[in-house]
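S.K.: Just one file: model-v9.pdb, with PDB, C-alpha atoms, pLDDT in the B column.
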ATOM      1  CA  PRO A1128      -2.914 -51.873-137.964  1.00 79.00           C
ATOM      2  CA  GLU A1129       0.871 -51.774-138.061  1.00 82.00           C
ATOM      3  CA  GLU A1130       1.153 -54.167-135.103  1.00 84.00           C
ATOM      4  CA  SER A1131      -1.205 -56.700-136.704  1.00 84.00           C
ATOM      5  CA  SER A1132       1.379 -57.418-139.427  1.00 87.00           C
ATOM      6  CA  LEU A1133       4.032 -58.302-136.849  1.00 88.00           C
ATOM      7  CA  SER A1134       4.870 -61.884-136.129  1.00 89.00           C
ATOM      8  CA  ARG A1135       3.853 -63.612-133.034  1.00 89.00           C
ATOM      9  CA  GLU A1136       7.335 -63.390-131.545  1.00 92.00           C
ATOM     10  CA  GLN A1137       7.578 -59.692-132.369  1.00 90.00           C
ATOM     11  CA  LYS A1138       4.187 -59.053-130.753  1.00 89.00           C
ATOM     12  CA  ARG A1139       5.344 -60.894-127.649  1.00 90.00           C
ATOM     13  CA  THR A1140       8.546 -58.853-127.497  1.00 89.00           C
ATOM     14  CA  LEU A1141       6.559 -55.641-128.018  1.00 86.00           C
ATOM     15  CA  ALA A1142       4.100 -56.641-125.282  1.00 87.00           C
ATOM     16  CA  HIS A1143       6.995 -57.576-122.981  1.00 88.00           C
ATOM     17  CA  ASP A1144       8.613 -54.195-123.609  1.00 84.00           C
ATOM     18  CA  LEU A1145       5.305 -52.435-122.964  1.00 83.00           C
ATOM     19  CA  VAL A1146       4.832 -54.202-119.589  1.00 84.00           C
ATOM     20  CA  PHE A1147       8.443 -54.575-118.438  1.00 86.00           C
ATOM     21  CA  GLY A1148      10.217 -51.920-120.484  1.00 86.00           C
ATOM     22  CA  ASP A1149      12.018 -48.856-119.185  1.00 87.00           C
ATOM     23  CA  GLU A1150       9.325 -46.434-120.324  1.00 86.00           C
ATOM     24  CA  TYR A1151       6.599 -48.453-118.637  1.00 86.00           C
ATOM     25  CA  THR A1152       8.625 -48.815-115.460  1.00 87.00           C
ATOM     26  CA  SER A1153       9.453 -45.097-115.342  1.00 90.00           C
ATOM     27  CA  ARG A1154       5.820 -44.126-115.922  1.00 88.00           C
ATOM     28  CA  LYS A1155       4.753 -46.678-113.297  1.00 88.00           C
ATOM     29  CA  LEU A1156       7.237 -45.178-110.810  1.00 92.00           C
ATOM     30  CA  ALA A1157       6.068 -41.643-111.653  1.00 94.00           C
ATOM     31  CA  ILE A1158       2.463 -42.684-111.049  1.00 94.00           C
ATOM     32  CA  ARG A1159       3.444 -44.396-107.806  1.00 95.00           C
ATOM     33  CA  GLU A1160       5.315 -41.264-106.683  1.00 95.00           C
ATOM     34  CA  ARG A1161       2.312 -39.064-107.508  1.00 96.00           C
ATOM     35  CA  VAL A1162      -0.018 -41.454-105.627  1.00 96.00           C
ATOM     36  CA  GLN A1163       2.334 -41.472-102.618  1.00 96.00           C
ATOM     37  CA  SER A1164       2.693 -37.703-102.755  1.00 95.00           C
ATOM     38  CA  SER A1165      -1.082 -37.252-103.027  1.00 95.00           C
ATOM     39  CA  SER A1166      -1.630 -39.799-100.254  1.00 95.00           C
ATOM     40  CA  SER A1167       0.885 -37.991 -98.037  1.00 95.00           C
ATOM     41  CA  LEU A1168      -0.792 -34.658 -98.698  1.00 95.00           C
ATOM     42  CA  LEU A1169      -4.217 -36.178 -98.064  1.00 95.00           C
ATOM     43  CA  VAL A1170      -3.089 -37.946 -94.876  1.00 95.00           C
ATOM     44  CA  GLY A1171      -1.394 -34.739 -93.671  1.00 94.00           C
ATOM     45  CA  SER A1172      -4.512 -32.724 -94.415  1.00 95.00           C
ATOM     46  CA  LEU A1173      -6.682 -35.309 -92.641  1.00 95.00           C
ATOM     47  CA  ARG A1174      -4.340 -35.290 -89.625  1.00 95.00           C
ATOM     48  CA  GLU A1175      -4.589 -31.499 -89.400  1.00 95.00           C
ATOM     49  CA  ASP A1176      -8.380 -31.727 -89.693  1.00 95.00           C
ATOM     50  CA  LEU A1177      -8.515 -34.446 -87.041  1.00 95.00           C
ATOM     51  CA  LEU A1178      -6.293 -32.438 -84.680  1.00 95.00           C
ATOM     52  CA  ARG A1179      -8.423 -29.318 -85.214  1.00 95.00           C
ATOM     53  CA  ILE A1180     -11.662 -31.284 -84.747  1.00 96.00           C
ATOM     54  CA  ASP A1181     -10.236 -33.043 -81.693  1.00 95.00           C
ATOM     55  CA  ALA A1182      -9.361 -29.669 -80.139  1.00 94.00           C
ATOM     56  CA  GLN A1183     -12.851 -28.318 -80.893  1.00 96.00           C
ATOM     57  CA  LEU A1184     -14.423 -31.481 -79.519  1.00 96.00           C
ATOM     58  CA  GLY A1185     -12.369 -31.116 -76.330  1.00 94.00           C
ATOM     59  CA  VAL A1186     -13.649 -27.535 -75.935  1.00 95.00           C
ATOM     60  CA  TYR A1187     -17.240 -28.662 -76.545  1.00 97.00           C
ATOM     61  CA  LEU A1188     -16.921 -31.552 -74.091  1.00 96.00           C
ATOM     62  CA  THR A1189     -15.431 -29.282 -71.444  1.00 96.00           C
ATOM     63  CA  SER A1190     -18.220 -26.735 -71.891  1.00 97.00           C
ATOM     64  CA  MET A1191     -20.793 -29.536 -71.754  1.00 97.00           C
ATOM     65  CA  ARG A1192     -19.244 -30.882 -68.531  1.00 97.00           C
ATOM     66  CA  VAL A1193     -19.312 -27.410 -67.004  1.00 97.00           C
ATOM     67  CA  SER A1194     -22.929 -26.954 -68.163  1.00 97.00           C
ATOM     68  CA  VAL A1195     -23.969 -30.300 -66.677  1.00 97.00           C
ATOM     69  CA  ILE A1196     -22.245 -29.484 -63.377  1.00 97.00           C
ATOM     70  CA  LEU A1197     -23.921 -26.057 -63.264  1.00 98.00           C
ATOM     71  CA  LEU A1198     -27.295 -27.574 -64.140  1.00 98.00           C
ATOM     72  CA  LEU A1199     -26.962 -30.252 -61.460  1.00 97.00           C
ATOM     73  CA  SER A1200     -25.896 -27.589 -58.952  1.00 97.00           C
ATOM     74  CA  ALA A1201     -28.928 -25.470 -59.850  1.00 97.00           C
ATOM     75  CA  ILE A1202     -31.228 -28.482 -59.503  1.00 97.00           C
ATOM     76  CA  LEU A1203     -29.711 -29.326 -56.125  1.00 97.00           C
ATOM     77  CA  PHE A1204     -30.031 -25.710 -54.963  1.00 97.00           C
ATOM     78  CA  LEU A1205     -33.658 -25.514 -56.113  1.00 96.00           C
ATOM     79  CA  THR A1206     -34.474 -28.821 -54.442  1.00 95.00           C
ATOM     80  CA  VAL A1207     -33.019 -27.642 -51.136  1.00 95.00           C
ATOM     81  CA  ALA A1208     -34.694 -24.223 -51.465  1.00 92.00           C
ATOM     82  CA  ILE A1209     -38.105 -25.724 -52.261  1.00 92.00           C
ATOM     83  CA  ASN A1210     -37.763 -28.145 -49.371  1.00 92.00           C
ATOM     84  CA  TYR A1211     -36.656 -25.435 -46.922  1.00 90.00           C
ATOM     85  CA  LEU A1212     -38.961 -22.626 -48.089  1.00 89.00           C
ATOM     86  CA  LEU A1213     -42.113 -24.597 -48.964  1.00 90.00           C
ATOM     87  CA  LEU A1214     -42.365 -28.290 -48.195  1.00 92.00           C
ATOM     88  CA  ARG A1215     -41.017 -28.308 -44.640  1.00 91.00           C
ATOM     89  CA  PRO A1216     -43.039 -25.253 -43.491  1.00 91.00           C
ATOM     90  CA  ILE A1217     -46.194 -26.658 -45.113  1.00 91.00           C
ATOM     91  CA  ALA A1218     -45.727 -29.978 -43.284  1.00 92.00           C
ATOM     92  CA  LEU A1219     -45.241 -28.119 -39.977  1.00 91.00           C
ATOM     93  CA  HIS A1220     -48.311 -25.962 -40.675  1.00 92.00           C
ATOM     94  CA  GLU A1221     -50.366 -29.051 -41.425  1.00 93.00           C
ATOM     95  CA  LYS A1222     -49.450 -30.543 -38.029  1.00 94.00           C
ATOM     96  CA  SER A1223     -50.350 -27.293 -36.260  1.00 92.00           C
ATOM     97  CA  ILE A1224     -53.684 -27.032 -38.099  1.00 92.00           C
ATOM     98  CA  ARG A1225     -54.554 -30.634 -37.215  1.00 93.00           C
ATOM     99  CA  LYS A1226     -53.777 -29.866 -33.539  1.00 94.00           C
ATOM    100  CA  GLY A1227     -55.858 -26.670 -33.697  1.00 90.00           C
ATOM    101  CA  GLU A1228     -52.879 -24.457 -32.894  1.00 92.00           C
ATOM    102  CA  PRO A1229     -51.753 -21.169 -34.462  1.00 92.00           C
ATOM    103  CA  LEU A1230     -49.020 -21.422 -37.092  1.00 93.00           C
ATOM    104  CA  THR A1231     -45.386 -20.434 -36.689  1.00 90.00           C
ATOM    105  CA  PRO A1232     -44.419 -18.049 -39.516  1.00 89.00           C
ATOM    106  CA  GLY A1233     -41.641 -19.333 -41.755  1.00 86.00           C
ATOM    107  CA  GLY A1234     -40.717 -20.240 -45.298  1.00 86.00           C
ATOM    108  CA  ALA A1235     -41.244 -18.208 -48.437  1.00 87.00           C
ATOM    109  CA  ARG A1236     -42.714 -14.686 -48.282  1.00 89.00           C
ATOM    110  CA  GLU A1237     -46.053 -15.860 -49.680  1.00 90.00           C
ATOM    111  CA  LEU A1238     -46.237 -18.656 -47.123  1.00 90.00           C
ATOM    112  CA  ARG A1239     -45.469 -16.226 -44.282  1.00 90.00           C
ATOM    113  CA  TYR A1240     -48.288 -13.969 -45.542  1.00 93.00           C
ATOM    114  CA  LEU A1241     -50.717 -16.908 -45.571  1.00 93.00           C
ATOM    115  CA  THR A1242     -49.523 -17.895 -42.088  1.00 93.00           C
ATOM    116  CA  THR A1243     -50.157 -14.387 -40.743  1.00 93.00           C
ATOM    117  CA  THR A1244     -53.601 -14.308 -42.345  1.00 94.00           C
ATOM    118  CA  TYR A1245     -54.433 -17.747 -40.965  1.00 94.00           C
ATOM    119  CA  ASN A1246     -53.256 -16.751 -37.465  1.00 94.00           C
ATOM    120  CA  THR A1247     -55.409 -13.591 -37.584  1.00 95.00           C
ATOM    121  CA  MET A1248     -58.446 -15.655 -38.547  1.00 95.00           C
ATOM    122  CA  TYR A1249     -57.529 -18.290 -35.939  1.00 94.00           C
ATOM    123  CA  GLU A1250     -57.340 -15.657 -33.182  1.00 95.00           C
ATOM    124  CA  LYS A1251     -60.682 -14.090 -34.166  1.00 96.00           C
ATOM    125  CA  ASN A1252     -62.298 -17.520 -34.328  1.00 95.00           C
ATOM    126  CA  TYR A1253     -60.797 -18.479 -30.956  1.00 94.00           C
ATOM    127  CA  ILE A1254     -62.114 -15.301 -29.304  1.00 95.00           C
ATOM    128  CA  GLN A1255     -65.557 -15.766 -30.867  1.00 96.00           C
ATOM    129  CA  THR A1256     -65.638 -19.409 -29.762  1.00 94.00           C
ATOM    130  CA  GLN A1257     -64.667 -18.425 -26.212  1.00 94.00           C
ATOM    131  CA  ASN A1258     -67.374 -15.740 -26.181  1.00 93.00           C
ATOM    132  CA  LEU A1259     -69.990 -18.160 -27.496  1.00 93.00           C
ATOM    133  CA  GLN A1260     -68.993 -20.775 -24.924  1.00 90.00           C
ATOM    134  CA  HIS A1261     -69.208 -18.172 -22.155  1.00 90.00           C
ATOM    135  CA  GLU A1262     -72.629 -17.017 -23.395  1.00 89.00           C
ATOM    136  CA  ALA A1263     -73.831 -20.617 -23.640  1.00 88.00           C
ATOM    137  CA  LYS A1264     -72.759 -21.387 -20.040  1.00 89.00           C
ATOM    138  CA  THR A1265     -73.751 -18.210 -18.206  1.00 90.00           C
ATOM    139  CA  ASP A1266     -76.736 -15.972 -17.719  1.00 87.00           C
ATOM    140  CA  GLY A1267     -76.335 -12.796 -19.716  1.00 83.00           C
ATOM    141  CA  LEU A1268     -77.648 -10.529 -16.981  1.00 84.00           C
ATOM    142  CA  THR A1269     -75.998 -11.895 -13.855  1.00 83.00           C
ATOM    143  CA  GLY A1270     -73.022 -13.781 -15.234  1.00 84.00           C
ATOM    144  CA  VAL A1271     -73.961 -16.770 -13.061  1.00 85.00           C
ATOM    145  CA  LEU A1272     -73.584 -20.254 -14.548  1.00 86.00           C
ATOM    146  CA  ASN A1273     -76.863 -21.380 -16.130  1.00 85.00           C
ATOM    147  CA  ARG A1274     -78.845 -24.579 -15.614  1.00 82.00           C
ATOM    148  CA  ALA A1275     -77.615 -26.248 -18.835  1.00 83.00           C
ATOM    149  CA  TYR A1276     -73.990 -25.833 -17.775  1.00 85.00           C
ATOM    150  CA  TYR A1277     -74.806 -27.009 -14.265  1.00 82.00           C
ATOM    151  CA  ASP A1278     -76.286 -30.199 -15.750  1.00 82.00           C
ATOM    152  CA  GLU A1279     -73.090 -30.654 -17.745  1.00 83.00           C
ATOM    153  CA  LEU A1280     -70.939 -30.172 -14.629  1.00 81.00           C
ATOM    154  CA  LEU A1281     -73.130 -32.559 -12.676  1.00 81.00           C
ATOM    155  CA  VAL A1282     -72.293 -35.367 -15.109  1.00 83.00           C
ATOM    156  CA  THR A1283     -68.540 -34.978 -14.661  1.00 82.00           C
ATOM    157  CA  HIS A1284     -68.372 -33.857 -10.991  1.00 78.00           C
ATOM    158  CA  ARG A1285     -71.382 -35.551  -9.389  1.00 72.00           C
ATOM    159  CA  ARG A1286     -69.882 -35.894  -5.881  1.00 72.00           C
ATOM    160  CA  ASP A1287     -68.292 -32.444  -5.718  1.00 72.00           C
ATOM    161  CA  SER A1288     -71.345 -30.404  -6.717  1.00 71.00           C
ATOM    162  CA  ALA A1289     -73.883 -28.261  -4.944  1.00 74.00           C
ATOM    163  CA  LEU A1290     -76.758 -26.169  -6.243  1.00 74.00           C
ATOM    164  CA  ILE A1291     -78.045 -23.059  -4.530  1.00 79.00           C
ATOM    165  CA  LEU A1292     -81.423 -21.750  -5.628  1.00 78.00           C
ATOM    166  CA  ILE A1293     -82.498 -18.244  -4.676  1.00 81.00           C
ATOM    167  CA  ASP A1294     -86.084 -17.149  -5.031  1.00 82.00           C
ATOM    168  CA  ILE A1295     -87.006 -13.497  -4.605  1.00 84.00           C
ATOM    169  CA  ASP A1296     -90.620 -13.107  -3.570  1.00 87.00           C
ATOM    170  CA  ASN A1297     -92.751 -10.457  -5.279  1.00 86.00           C
ATOM    171  CA  PHE A1298     -89.928  -9.415  -7.626  1.00 87.00           C
ATOM    172  CA  LYS A1299     -92.436  -8.856 -10.437  1.00 88.00           C
ATOM    173  CA  SER A1300     -94.087  -6.068  -8.484  1.00 89.00           C
ATOM    174  CA  PHE A1301     -90.596  -4.483  -7.969  1.00 88.00           C
ATOM    175  CA  ASN A1302     -90.088  -4.546 -11.758  1.00 88.00           C
ATOM    176  CA  ASP A1303     -93.565  -3.099 -12.269  1.00 90.00           C
ATOM    177  CA  ASP A1304     -93.024  -0.321  -9.732  1.00 91.00           C
ATOM    178  CA  PHE A1305     -89.439   0.701 -10.606  1.00 91.00           C
ATOM    179  CA  GLY A1306     -89.009  -0.553 -14.203  1.00 92.00           C
ATOM    180  CA  PRO A1307     -87.072  -3.475 -15.728  1.00 89.00           C
ATOM    181  CA  GLU A1308     -83.784  -1.538 -15.808  1.00 90.00           C
ATOM    182  CA  MET A1309     -83.886  -1.096 -12.025  1.00 90.00           C
ATOM    183  CA  GLY A1310     -84.884  -4.743 -11.651  1.00 87.00           C
ATOM    184  CA  ASP A1311     -81.877  -5.817 -13.763  1.00 86.00           C
ATOM    185  CA  ALA A1312     -79.596  -3.657 -11.613  1.00 86.00           C
ATOM    186  CA  VAL A1313     -80.935  -5.242  -8.442  1.00 85.00           C
ATOM    187  CA  LEU A1314     -80.421  -8.749  -9.804  1.00 80.00           C
TER     188      LEU A1314
END
Could the structure of this file be written out as structure tokens, please?
M.R.:
Amino acid sequence: PEESSLSREQKRTLAHDLVFGDEYTSRKLAIRERVQSSSSLLVGSLREDLLRIDAQLGVYLTSMRVSVILLLSAILFLTVAINYLLLRPIALHEKSIRKGEPLTPGGARELRYLTTTYNTMYEKNYIQTQNLQHEAKTDGLTGVLNRAYYDELLVTHRRDSALILIDIDNFKSFNDDFGPEMGDAVL
């Protein structure tokens, strides 16, 4: 209310003093100094935070690099171990099985156990097969090759073959007189 009674020129002078006067300028400078001081403190605090965070980030990145290198090393080791202990021996075993051969033990402990078991079964089967083939080709009593095997040989060795037949007259009466065990012994 007291400024409304002032003249236009007085109001202008008062306004000029308010904006360009010493009090305004000193307050403006004080505010500017406080802003600069606060800005400096804030920038300093931010720099400290950034330096601290940068150091922590460097530690984290280094630990991550070490972790990645260790992980890749473990993966490489496991890949080589799996290849050496499992895949390669299994491929070799597959070839041997396809060829009908016994297996060479190797690889992981479990695989060596399976190989030993397979070889035991293979050996038993081989012996049984040999026995069956022998029984199929020979007479059980005399051990002489039988007629079926002779026919088989005749197909492959026609020119180099000979057959000898032996007939024992009245052998039935020998069996009847002395028994079949004595007859088997004579044969």
S.K.: I'd like the contact shell of Val1271 (chain A) - 12 Å cut-off, all atoms listed in the file, skipping same-chain residues fewer than 6 positions apart - returned as an MDAnalysis selection string.
M.R.: chainID A and resid 1261:1265 1277 1290:1292 1314
S.K.: Counting all atoms listed in the file, which of A:Ile1196, A:Leu1230, A:Val1282, A:Leu1184 gets nearest to Thr1244 (chain A)?
M.R.: A:Leu1230
S.K.: Record the distance separating CA of Leu1238 (chain A) and CA of Tyr1253 (chain A), expressed in Å with one decimal.
M.R.: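 A separation of 21.8 Å between them.
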S.K.: So the first atom is CA of Asp1311 (chain A) and the second is CA of Leu1268 (chain A); what is the distance between them in Å, to one decimal place?
M.R.: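 Interatomic distance here is 7.1 Å.
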S.K.: When distances are computed from all atoms listed in the file, which of A:Ala1235, A:Leu1259, A:Ile1158, A:Val1186 shows the smallest separation from Leu1212 (chain A)?
M.R.: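 Of all the options, A:Ala1235 lies closest to Leu1212 (chain A).
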S.K.: Any idea what's packed within 12 Å of region 1296-1299 of chain A, counting only C-alpha atoms, ignoring anything in its chain fewer than 6 positions away? Could you give it as a PDB file with C-alpha atoms, in the frame of the given file?
M.R.:
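Result saved to out-v7.pdb:
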ATOM      1  CA  PHE A1305     -89.439   0.701 -10.606  1.00 91.00           C
ATOM      2  CA  GLY A1306     -89.009  -0.553 -14.203  1.00 92.00           C
ATOM      3  CA  PRO A1307     -87.072  -3.475 -15.728  1.00 89.00           C
ATOM      4  CA  MET A1309     -83.886  -1.096 -12.025  1.00 90.00           C
ATOM      5  CA  GLY A1310     -84.884  -4.743 -11.651  1.00 87.00           C
ATOM      6  CA  ASP A1311     -81.877  -5.817 -13.763  1.00 86.00           C
ATOM      7  CA  VAL A1313     -80.935  -5.242  -8.442  1.00 85.00           C
ATOM      8  CA  LEU A1314     -80.421  -8.749  -9.804  1.00 80.00           C
TER       9      LEU A1314
END
S.K.: So what do you get for CA of Tyr1276 (chain A) versus CA of Ser1288 (chain A), distance-wise?
M.R.: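 That distance, rounded to one decimal, is 12.3 Å.
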S.K.: Choose the residue, out of A:Asn1302, A:Ser1164, A:Gly1234, A:Gly1171, that has the smallest atom-to-atom separation from Asn1210 (chain A); count all atoms listed in the file.
M.R.: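 Of all the options, A:Gly1234 lies closest to Asn1210 (chain A).
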S.K.: Nearest residue to Ala1312 (chain A) out of A:Thr1256, A:Arg1139, A:Thr1269, A:Arg1285, using all atoms listed in the file?
M.R.: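 Closest to Ala1312 (chain A) of all the choices is A:Thr1269.
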